[in-house]
Amino acid sequence: MEIIFEVLVELVGEIVVECAKSKRLSKWIRYPLIALIVLFWIAVIGLMLFIGIKSYSTDRAMSLVCLGLAAIFILFSVIRLVKGVR
C-alpha cells in the first residue's frame with residue numbers, strides 16, 4: 001500500500017511540475033500550479049523550522065540539523081528564484 005501511495009504522489013508531483021513549466025498551457029492553469037508548488041515548499045521549510053525551534057531544549061543535535069536543512073532549503077530557493085528572474 002505504501003508503494004502505491006508513493007508512486008501516485010510522485011506521479012502527481014511530476015505532472016504538476018511539468019504542467020507548471022509548459023508554456024503551451026494557459027496562465028490560468030500554470031500560475032495556480034506554481035503557487036501550489038511554492039506553498040508546498042513553504043510548508044516543508046516552515047515545518048522544519050518549527051521542529052528545529054521546538055526541539056532545541058530537548059535534543060540540540062536534531063534541532064541544529066533541522067535548522068541547518070531549513071537554512072539550506074531557503075538558500076537554494078532564493079538562488080533558484082534569482083536565476084528564474086534573470
# chains A, B, ... in the order shown; residues from 1 in each chain; ligands from 1

$ residues_around --residues "Ile51 of chain A" --least-positions-apart "2" --cutoff "12 Å" --atoms "only C-alpha atoms" --output "NGL selection string"
:A and (44-49 or 53-60 or 62-70)

$ write_last_selection --atoms "N, CA and C atoms" --output "compact mmCIF listing (two decimals), in the first residue's frame"
# COMPACT_ATOMS: atom_id res chain seq x y z
N VAL A 44 7.02 22.87 3.94
CA VAL A 44 8.12 21.98 4.34
C VAL A 44 9.17 22.75 5.12
N ILE A 45 9.56 23.92 4.64
CA ILE A 45 10.56 24.73 5.33
C ILE A 45 10.02 25.21 6.68
N GLY A 46 8.77 25.62 6.70
CA GLY A 46 8.16 26.06 7.96
C GLY A 46 8.09 24.94 8.99
N LEU A 47 7.76 23.74 8.55
CA LEU A 47 7.71 22.60 9.46
C LEU A 47 9.10 22.27 10.00
N MET A 48 10.12 22.34 9.15
CA MET A 48 11.48 22.09 9.61
C MET A 48 11.93 23.15 10.62
N LEU A 49 11.59 24.41 10.37
CA LEU A 49 11.92 25.46 11.32
C LEU A 49 11.19 25.25 12.64
N ILE A 53 13.05 24.61 16.20
CA ILE A 53 12.92 25.53 17.32
C ILE A 53 12.32 24.82 18.54
N LYS A 54 11.29 24.02 18.32
CA LYS A 54 10.62 23.34 19.43
C LYS A 54 11.50 22.29 20.10
N SER A 55 12.36 21.64 19.34
CA SER A 55 13.16 20.56 19.90
C SER A 55 14.52 21.03 20.42
N TYR A 56 14.78 22.32 20.41
CA TYR A 56 16.09 22.82 20.81
C TYR A 56 16.40 22.50 22.27
N SER A 57 15.41 22.56 23.14
CA SER A 57 15.67 22.32 24.56
C SER A 57 15.86 20.84 24.88
N THR A 58 15.29 19.94 24.08
CA THR A 58 15.41 18.51 24.39
C THR A 58 16.52 17.82 23.61
N ASP A 59 16.64 18.08 22.32
CA ASP A 59 17.63 17.39 21.50
C ASP A 59 18.30 18.42 20.60
N ARG A 60 19.40 18.95 21.05
CA ARG A 60 20.05 20.04 20.32
C ARG A 60 20.65 19.60 19.00
N MET A 62 19.51 17.22 16.86
CA MET A 62 18.45 17.14 15.86
C MET A 62 17.93 18.53 15.50
N SER A 63 17.86 19.38 16.52
CA SER A 63 17.40 20.74 16.29
C SER A 63 18.31 21.48 15.32
N LEU A 64 19.60 21.35 15.53
CA LEU A 64 20.55 22.03 14.64
C LEU A 64 20.53 21.45 13.24
N VAL A 65 20.32 20.14 13.13
CA VAL A 65 20.21 19.52 11.80
C VAL A 65 18.97 20.06 11.07
N CYS A 66 17.84 20.12 11.77
CA CYS A 66 16.62 20.63 11.15
C CYS A 66 16.77 22.10 10.74
N LEU A 67 17.34 22.89 11.63
CA LEU A 67 17.54 24.30 11.31
C LEU A 67 18.54 24.48 10.16
N GLY A 68 19.58 23.65 10.13
CA GLY A 68 20.55 23.71 9.04
C GLY A 68 19.94 23.34 7.71
N LEU A 69 19.13 22.26 7.69
CA LEU A 69 18.46 21.87 6.45
C LEU A 69 17.48 22.94 5.99
N ALA A 70 16.77 23.54 6.93
CA ALA A 70 15.84 24.61 6.56
C ALA A 70 16.61 25.79 5.97

$ residues_around --residues "segment 11-24 of chain A" --least-positions-apart "5" --cutoff "9 Å" --atoms "only C-alpha atoms" --output "PyMOL selection string"
chain A and resi 6+29-34+36-37

$ write_last_selection --atoms "N, CA, C and O atoms" --output "JSON list (two decimals), in the first residue's frame"
[["chain", "number", "residue", "atom", "x", "y", "z"],
["A", 6, "GLU", "N", 3.18, 6.07, -2.71],
["A", 6, "GLU", "CA", 4.39, 6.77, -3.13],
["A", 6, "GLU", "C", 4.41, 7.00, -4.63],
["A", 6, "GLU", "O", 4.76, 8.09, -5.10],
["A", 29, "ILE", "N", -3.91, 28.21, -15.69],
["A", 29, "ILE", "CA", -3.62, 26.87, -15.18],
["A", 29, "ILE", "C", -2.22, 26.83, -14.56],
["A", 29, "ILE", "O", -2.02, 26.26, -13.49],
["A", 30, "ARG", "N", -1.26, 27.47, -15.22],
["A", 30, "ARG", "CA", 0.12, 27.40, -14.74],
["A", 30, "ARG", "C", 0.33, 28.12, -13.42],
["A", 30, "ARG", "O", 1.01, 27.60, -12.53],
["A", 31, "TYR", "N", -0.21, 29.32, -13.27],
["A", 31, "TYR", "CA", 0.06, 30.10, -12.06],
["A", 31, "TYR", "C", -0.47, 29.45, -10.79],
["A", 31, "TYR", "O", 0.23, 29.44, -9.78],
["A", 32, "PRO", "N", -1.67, 28.87, -10.78],
["A", 32, "PRO", "CA", -2.09, 28.15, -9.56],
["A", 32, "PRO", "C", -1.22, 26.93, -9.28],
["A", 32, "PRO", "O", -0.97, 26.60, -8.11],
["A", 33, "LEU", "N", -0.73, 26.26, -10.32],
["A", 33, "LEU", "CA", 0.16, 25.12, -10.11],
["A", 33, "LEU", "C", 1.49, 25.58, -9.50],
["A", 33, "LEU", "O", 2.03, 24.92, -8.60],
["A", 34, "ILE", "N", 2.02, 26.69, -9.99],
["A", 34, "ILE", "CA", 3.25, 27.24, -9.43],
["A", 34, "ILE", "C", 3.02, 27.65, -7.98],
["A", 34, "ILE", "O", 3.85, 27.40, -7.11],
["A", 36, "LEU", "N", 0.90, 26.32, -5.96],
["A", 36, "LEU", "CA", 0.79, 25.08, -5.20],
["A", 36, "LEU", "C", 2.17, 24.54, -4.84],
["A", 36, "LEU", "O", 2.42, 24.11, -3.70],
["A", 37, "ILE", "N", 3.09, 24.58, -5.79],
["A", 37, "ILE", "CA", 4.46, 24.11, -5.54],
["A", 37, "ILE", "C", 5.14, 24.99, -4.51],
["A", 37, "ILE", "O", 5.79, 24.50, -3.57]]

$ residues_around --residues "Ser77 of chain A" --least-positions-apart "3" --cutoff "12 Å" --atoms "only C-alpha atoms" --output "MDAnalysis selection string"
chainID A and resid 37:38 41:42 45 70:74 80:84

$ write_last_selection --atoms "N, CA, C and O atoms" --output "PDB file, in the first residue's frame"
ATOM      1  N   ILE A  37       3.092  24.580  -5.791  1.00  0.00           N
ATOM      2  CA  ILE A  37       4.458  24.110  -5.543  1.00  0.00           C
ATOM      3  C   ILE A  37       5.141  24.995  -4.505  1.00  0.00           C
ATOM      4  O   ILE A  37       5.787  24.502  -3.573  1.00  0.00           O
ATOM      5  N   VAL A  38       4.994  26.302  -4.648  1.00  0.00           N
ATOM      6  CA  VAL A  38       5.621  27.234  -3.709  1.00  0.00           C
ATOM      7  C   VAL A  38       5.050  27.048  -2.306  1.00  0.00           C
ATOM      8  O   VAL A  38       5.794  27.029  -1.316  1.00  0.00           O
ATOM      9  N   TRP A  41       6.584  23.964  -0.644  1.00  0.00           N
ATOM     10  CA  TRP A  41       7.942  24.156  -0.144  1.00  0.00           C
ATOM     11  C   TRP A  41       7.967  25.081   1.055  1.00  0.00           C
ATOM     12  O   TRP A  41       8.774  24.898   1.968  1.00  0.00           O
ATOM     13  N   ILE A  42       7.087  26.084   1.088  1.00  0.00           N
ATOM     14  CA  ILE A  42       6.997  26.949   2.264  1.00  0.00           C
ATOM     15  C   ILE A  42       6.554  26.135   3.474  1.00  0.00           C
ATOM     16  O   ILE A  42       7.062  26.310   4.585  1.00  0.00           O
ATOM     17  N   ILE A  45       9.560  23.925   4.637  1.00  0.00           N
ATOM     18  CA  ILE A  45      10.559  24.732   5.331  1.00  0.00           C
ATOM     19  C   ILE A  45      10.022  25.211   6.680  1.00  0.00           C
ATOM     20  O   ILE A  45      10.729  25.181   7.693  1.00  0.00           O
ATOM     21  N   ALA A  70      16.768  23.539   6.925  1.00  0.00           N
ATOM     22  CA  ALA A  70      15.841  24.614   6.562  1.00  0.00           C
ATOM     23  C   ALA A  70      16.611  25.793   5.965  1.00  0.00           C
ATOM     24  O   ALA A  70      16.180  26.384   4.969  1.00  0.00           O
ATOM     25  N   ALA A  71      17.759  26.116   6.553  1.00  0.00           N
ATOM     26  CA  ALA A  71      18.578  27.212   6.020  1.00  0.00           C
ATOM     27  C   ALA A  71      19.083  26.887   4.619  1.00  0.00           C
ATOM     28  O   ALA A  71      19.089  27.749   3.734  1.00  0.00           O
ATOM     29  N   ILE A  72      19.494  25.640   4.399  1.00  0.00           N
ATOM     30  CA  ILE A  72      19.958  25.234   3.071  1.00  0.00           C
ATOM     31  C   ILE A  72      18.810  25.309   2.062  1.00  0.00           C
ATOM     32  O   ILE A  72      18.988  25.804   0.947  1.00  0.00           O
ATOM     33  N   PHE A  73      17.619  24.849   2.453  1.00  0.00           N
ATOM     34  CA  PHE A  73      16.458  24.930   1.554  1.00  0.00           C
ATOM     35  C   PHE A  73      16.126  26.376   1.218  1.00  0.00           C
ATOM     36  O   PHE A  73      15.814  26.710   0.071  1.00  0.00           O
ATOM     37  N   ILE A  74      16.192  27.247   2.211  1.00  0.00           N
ATOM     38  CA  ILE A  74      15.910  28.663   1.963  1.00  0.00           C
ATOM     39  C   ILE A  74      16.951  29.249   1.018  1.00  0.00           C
ATOM     40  O   ILE A  74      16.617  29.979   0.076  1.00  0.00           O
ATOM     41  N   ARG A  80      17.476  29.811  -6.690  1.00  0.00           N
ATOM     42  CA  ARG A  80      16.618  29.395  -7.804  1.00  0.00           C
ATOM     43  C   ARG A  80      15.705  30.540  -8.246  1.00  0.00           C
ATOM     44  O   ARG A  80      15.481  30.741  -9.423  1.00  0.00           O
ATOM     45  N   LEU A  81      15.193  31.304  -7.276  1.00  0.00           N
ATOM     46  CA  LEU A  81      14.332  32.435  -7.599  1.00  0.00           C
ATOM     47  C   LEU A  81      15.097  33.512  -8.362  1.00  0.00           C
ATOM     48  O   LEU A  81      14.597  34.056  -9.343  1.00  0.00           O
ATOM     49  N   VAL A  82      16.318  33.791  -7.928  1.00  0.00           N
ATOM     50  CA  VAL A  82      17.134  34.807  -8.601  1.00  0.00           C
ATOM     51  C   VAL A  82      17.485  34.354 -10.013  1.00  0.00           C
ATOM     52  O   VAL A  82      17.439  35.149 -10.970  1.00  0.00           O
ATOM     53  N   LYS A  83      17.814  33.065 -10.200  1.00  0.00           N
ATOM     54  CA  LYS A  83      18.107  32.558 -11.534  1.00  0.00           C
ATOM     55  C   LYS A  83      16.877  32.610 -12.437  1.00  0.00           C
ATOM     56  O   LYS A  83      16.987  32.874 -13.626  1.00  0.00           O
ATOM     57  N   GLY A  84      15.720  32.360 -11.870  1.00  0.00           N
ATOM     58  CA  GLY A  84      14.484  32.351 -12.648  1.00  0.00           C
ATOM     59  C   GLY A  84      14.074  33.746 -13.092  1.00  0.00           C
ATOM     60  O   GLY A  84      13.449  33.901 -14.132  1.00  0.00           O
TER      61      GLY A  84
END

$ decode --residues "segment 7-24 of chain A" --atoms "N, CA, C and O atoms" --output "PDB file, in the first residue's frame"
ATOM      1  N   VAL A   7       4.038   5.997  -5.394  1.00  0.00           N
ATOM      2  CA  VAL A   7       4.012   6.122  -6.855  1.00  0.00           C
ATOM      3  C   VAL A   7       2.981   7.160  -7.290  1.00  0.00           C
ATOM      4  O   VAL A   7       3.247   7.991  -8.169  1.00  0.00           O
ATOM      5  N   LEU A   8       1.812   7.145  -6.671  1.00  0.00           N
ATOM      6  CA  LEU A   8       0.771   8.111  -7.033  1.00  0.00           C
ATOM      7  C   LEU A   8       1.189   9.541  -6.706  1.00  0.00           C
ATOM      8  O   LEU A   8       1.006  10.453  -7.517  1.00  0.00           O
ATOM      9  N   VAL A   9       1.768   9.749  -5.535  1.00  0.00           N
ATOM     10  CA  VAL A   9       2.210  11.094  -5.155  1.00  0.00           C
ATOM     11  C   VAL A   9       3.325  11.566  -6.078  1.00  0.00           C
ATOM     12  O   VAL A   9       3.349  12.726  -6.506  1.00  0.00           O
ATOM     13  N   GLU A  10       4.254  10.681  -6.403  1.00  0.00           N
ATOM     14  CA  GLU A  10       5.345  11.050  -7.307  1.00  0.00           C
ATOM     15  C   GLU A  10       4.814  11.380  -8.699  1.00  0.00           C
ATOM     16  O   GLU A  10       5.257  12.342  -9.325  1.00  0.00           O
ATOM     17  N   LEU A  11       3.870  10.601  -9.169  1.00  0.00           N
ATOM     18  CA  LEU A  11       3.280  10.841 -10.482  1.00  0.00           C
ATOM     19  C   LEU A  11       2.554  12.181 -10.528  1.00  0.00           C
ATOM     20  O   LEU A  11       2.749  12.974 -11.460  1.00  0.00           O
ATOM     21  N   VAL A  12       1.759  12.446  -9.524  1.00  0.00           N
ATOM     22  CA  VAL A  12       1.033  13.725  -9.473  1.00  0.00           C
ATOM     23  C   VAL A  12       2.016  14.885  -9.359  1.00  0.00           C
ATOM     24  O   VAL A  12       1.859  15.921 -10.013  1.00  0.00           O
ATOM     25  N   GLY A  13       3.059  14.719  -8.542  1.00  0.00           N
ATOM     26  CA  GLY A  13       4.064  15.769  -8.396  1.00  0.00           C
ATOM     27  C   GLY A  13       4.775  16.063  -9.700  1.00  0.00           C
ATOM     28  O   GLY A  13       4.984  17.232 -10.061  1.00  0.00           O
ATOM     29  N   GLU A  14       5.143  15.035 -10.433  1.00  0.00           N
ATOM     30  CA  GLU A  14       5.812  15.234 -11.720  1.00  0.00           C
ATOM     31  C   GLU A  14       4.885  15.913 -12.729  1.00  0.00           C
ATOM     32  O   GLU A  14       5.315  16.778 -13.493  1.00  0.00           O
ATOM     33  N   ILE A  15       3.630  15.520 -12.735  1.00  0.00           N
ATOM     34  CA  ILE A  15       2.672  16.132 -13.654  1.00  0.00           C
ATOM     35  C   ILE A  15       2.501  17.611 -13.336  1.00  0.00           C
ATOM     36  O   ILE A  15       2.484  18.452 -14.245  1.00  0.00           O
ATOM     37  N   VAL A  16       2.392  17.949 -12.049  1.00  0.00           N
ATOM     38  CA  VAL A  16       2.227  19.352 -11.658  1.00  0.00           C
ATOM     39  C   VAL A  16       3.450  20.169 -12.056  1.00  0.00           C
ATOM     40  O   VAL A  16       3.314  21.272 -12.605  1.00  0.00           O
ATOM     41  N   VAL A  17       4.641  19.641 -11.817  1.00  0.00           N
ATOM     42  CA  VAL A  17       5.864  20.373 -12.165  1.00  0.00           C
ATOM     43  C   VAL A  17       5.973  20.559 -13.673  1.00  0.00           C
ATOM     44  O   VAL A  17       6.278  21.658 -14.155  1.00  0.00           O
ATOM     45  N   GLU A  18       5.708  19.535 -14.449  1.00  0.00           N
ATOM     46  CA  GLU A  18       5.805  19.646 -15.907  1.00  0.00           C
ATOM     47  C   GLU A  18       4.742  20.589 -16.463  1.00  0.00           C
ATOM     48  O   GLU A  18       5.007  21.339 -17.406  1.00  0.00           O
ATOM     49  N   CYS A  19       3.547  20.556 -15.912  1.00  0.00           N
ATOM     50  CA  CYS A  19       2.498  21.471 -16.371  1.00  0.00           C
ATOM     51  C   CYS A  19       2.842  22.910 -16.017  1.00  0.00           C
ATOM     52  O   CYS A  19       2.543  23.827 -16.778  1.00  0.00           O
ATOM     53  N   ALA A  20       3.447  23.127 -14.852  1.00  0.00           N
ATOM     54  CA  ALA A  20       3.822  24.485 -14.449  1.00  0.00           C
ATOM     55  C   ALA A  20       4.918  25.044 -15.349  1.00  0.00           C
ATOM     56  O   ALA A  20       4.988  26.251 -15.578  1.00  0.00           O
ATOM     57  N   LYS A  21       5.782  24.176 -15.889  1.00  0.00           N
ATOM     58  CA  LYS A  21       6.859  24.630 -16.776  1.00  0.00           C
ATOM     59  C   LYS A  21       6.382  24.879 -18.205  1.00  0.00           C
ATOM     60  O   LYS A  21       7.000  25.644 -18.931  1.00  0.00           O
ATOM     61  N   SER A  22       5.315  24.230 -18.610  1.00  0.00           N
ATOM     62  CA  SER A  22       4.889  24.256 -20.003  1.00  0.00           C
ATOM     63  C   SER A  22       4.360  25.627 -20.402  1.00  0.00           C
ATOM     64  O   SER A  22       3.450  26.167 -19.766  1.00  0.00           O
ATOM     65  N   LYS A  23       4.902  26.179 -21.460  1.00  0.00           N
ATOM     66  CA  LYS A  23       4.446  27.461 -21.979  1.00  0.00           C
ATOM     67  C   LYS A  23       3.168  27.315 -22.810  1.00  0.00           C
ATOM     68  O   LYS A  23       2.506  28.285 -23.112  1.00  0.00           O
ATOM     69  N   ARG A  24       2.840  26.083 -23.197  1.00  0.00           N
ATOM     70  CA  ARG A  24       1.661  25.858 -24.031  1.00  0.00           C
ATOM     71  C   ARG A  24       0.362  25.944 -23.226  1.00  0.00           C
ATOM     72  O   ARG A  24      -0.694  26.184 -23.799  1.00  0.00           O
TER      73      ARG A  24
END
